[in-house]
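Encoded as structure tokens, the structure appears first; notes follow it.
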Amino acid sequence: MYEVKLRLPWPPSVDHYWRNVGNRMLLSANARKYKLSVSTIVQGARERGEVGSPMEGRLSAVLSYSAPSRRGWDIDCYFKAPLDAMEGAGVYENDRQIRGIQAIELPYGDSCVYVRLWELD
């Protein structure tokens with residue numbers, strides 16, 4: 001079974017992911033910066049042999065969140081950025097492949113998301 005484990009930076013909230021520019025909806029500067037950061041992390045993992053070619057088939061994911069502070073946050077607002085960024089970095093072909101997802105809140109302070117993905121097929 002092919003499995004990927006990554007430590008990603010704390011993502012922007014879905015509330016800050018998109019921006020209206022005129023009559024268009026575009027990724028915010030924070031979202032673009034986050035995607036670039038994740039691409040760099042994935043490239044490094046790929047060079048170390050920790051990430052291979054894009055995962056195929058149905059996937060399951062666990063995202064374990066260590067918030068930057070004790071300030072309240074809604075766990076459901078922090079799915080989109082890491083999932084889209086991993087797709088963009090070529091971890092998998094499309095985030096529609098994810099058929100099961102679990103979110104875990106860790107003690108605060110690390111300001112990161114630990115991701116574990118594996119193929120179900």
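If you're wondering about the labels, chains in the structure tokens are A, B, ... by order shown, residues count from 1 in each chain, ligands from 1 in order shown.
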
Would you please extract all helix (DSSP H, G or I) residues from chain A, as assigned by DSSP on the backbone, and give them as a ChimeraX atom specification?
/A:14-16,29-47,75-78,80-88,95-97

May I have the selected residues written with C-alpha atoms, as a PDB file, in the first residue's frame?
```pdb
ATOM      1  CA  VAL A  14     -11.342  28.890   3.681  1.00  0.00           C
ATOM      2  CA  ASP A  15     -12.656  32.334   4.728  1.00  0.00           C
ATOM      3  CA  HIS A  16      -9.347  33.819   3.485  1.00  0.00           C
ATOM      4  CA  ALA A  29      -2.188  36.103  -1.852  1.00  0.00           C
ATOM      5  CA  ASN A  30      -2.123  33.908   1.287  1.00  0.00           C
ATOM      6  CA  ALA A  31      -3.524  30.948  -0.662  1.00  0.00           C
ATOM      7  CA  ARG A  32      -0.956  31.369  -3.450  1.00  0.00           C
ATOM      8  CA  LYS A  33       1.860  31.633  -0.896  1.00  0.00           C
ATOM      9  CA  TYR A  34       0.588  28.517   0.896  1.00  0.00           C
ATOM     10  CA  LYS A  35       0.398  26.497  -2.330  1.00  0.00           C
ATOM     11  CA  LEU A  36       3.977  27.479  -3.200  1.00  0.00           C
ATOM     12  CA  SER A  37       5.167  26.466   0.272  1.00  0.00           C
ATOM     13  CA  VAL A  38       3.461  23.065   0.001  1.00  0.00           C
ATOM     14  CA  SER A  39       4.919  22.530  -3.479  1.00  0.00           C
ATOM     15  CA  THR A  40       8.400  23.146  -2.067  1.00  0.00           C
ATOM     16  CA  ILE A  41       7.786  20.668   0.773  1.00  0.00           C
ATOM     17  CA  VAL A  42       6.443  18.023  -1.603  1.00  0.00           C
ATOM     18  CA  GLN A  43       9.382  18.517  -3.983  1.00  0.00           C
ATOM     19  CA  GLY A  44      11.794  17.950  -1.107  1.00  0.00           C
ATOM     20  CA  ALA A  45       9.884  14.829  -0.042  1.00  0.00           C
ATOM     21  CA  ARG A  46       9.940  13.613  -3.638  1.00  0.00           C
ATOM     22  CA  GLU A  47      13.723  14.087  -3.818  1.00  0.00           C
ATOM     23  CA  ILE A  75     -11.598  22.724  12.048  1.00  0.00           C
ATOM     24  CA  ASP A  76     -13.843  22.540   8.964  1.00  0.00           C
ATOM     25  CA  CYS A  77     -12.415  25.829   7.623  1.00  0.00           C
ATOM     26  CA  TYR A  78      -8.952  24.310   7.252  1.00  0.00           C
ATOM     27  CA  LYS A  80      -9.476  23.177   1.464  1.00  0.00           C
ATOM     28  CA  ALA A  81      -6.018  24.757   1.430  1.00  0.00           C
ATOM     29  CA  PRO A  82      -3.957  21.634   2.243  1.00  0.00           C
ATOM     30  CA  LEU A  83      -6.033  19.402  -0.044  1.00  0.00           C
ATOM     31  CA  ASP A  84      -5.842  21.802  -2.998  1.00  0.00           C
ATOM     32  CA  ALA A  85      -2.139  22.464  -2.407  1.00  0.00           C
ATOM     33  CA  MET A  86      -1.287  18.749  -2.358  1.00  0.00           C
ATOM     34  CA  GLU A  87      -3.226  18.274  -5.590  1.00  0.00           C
ATOM     35  CA  GLY A  88      -1.361  21.174  -7.171  1.00  0.00           C
ATOM     36  CA  ASP A  95      -8.904  15.817  -4.459  1.00  0.00           C
ATOM     37  CA  ARG A  96     -12.134  14.126  -5.596  1.00  0.00           C
ATOM     38  CA  GLN A  97     -10.179  10.897  -5.078  1.00  0.00           C
TER      39      GLN A  97
END
```

Fewer than 4 positions away in the same chain doesn't count, so skip those; otherwise give me all residues within 7 Å of A:Gln102, counting only C-alpha atoms, as a ChimeraX atom specification.
/A:61-63

Between atom CA of A:Met55 and atom CA of A:Ile101, what distance in Å does the model show, to one decimal?
15.7 Å

Between A:Arg70, A:Val91, A:Glu50, A:Gly22, smallest distance to A:Asp110 by only C-alpha atoms belongs to A:Arg70

Which residue gives the smallest distance to A:Glu119 among A:Trp18, A:Tyr2, A:Trp73, A:Phe79, with only C-alpha atoms counted?
A:Tyr2

Hey, what does DSSP flag as strand (DSSP E) within chain A? Can you give it to me as a VMD selection string?
chain A and resid 3 to 9 18 to 21 24 to 27 59 to 66 98 to 105 112 to 119

Figure out the distance between atom CA of A:Leu106 and atom CA of A:Ser64, please, to one decimal in Å.
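Between these atoms lies a distance of 6.4 Å.
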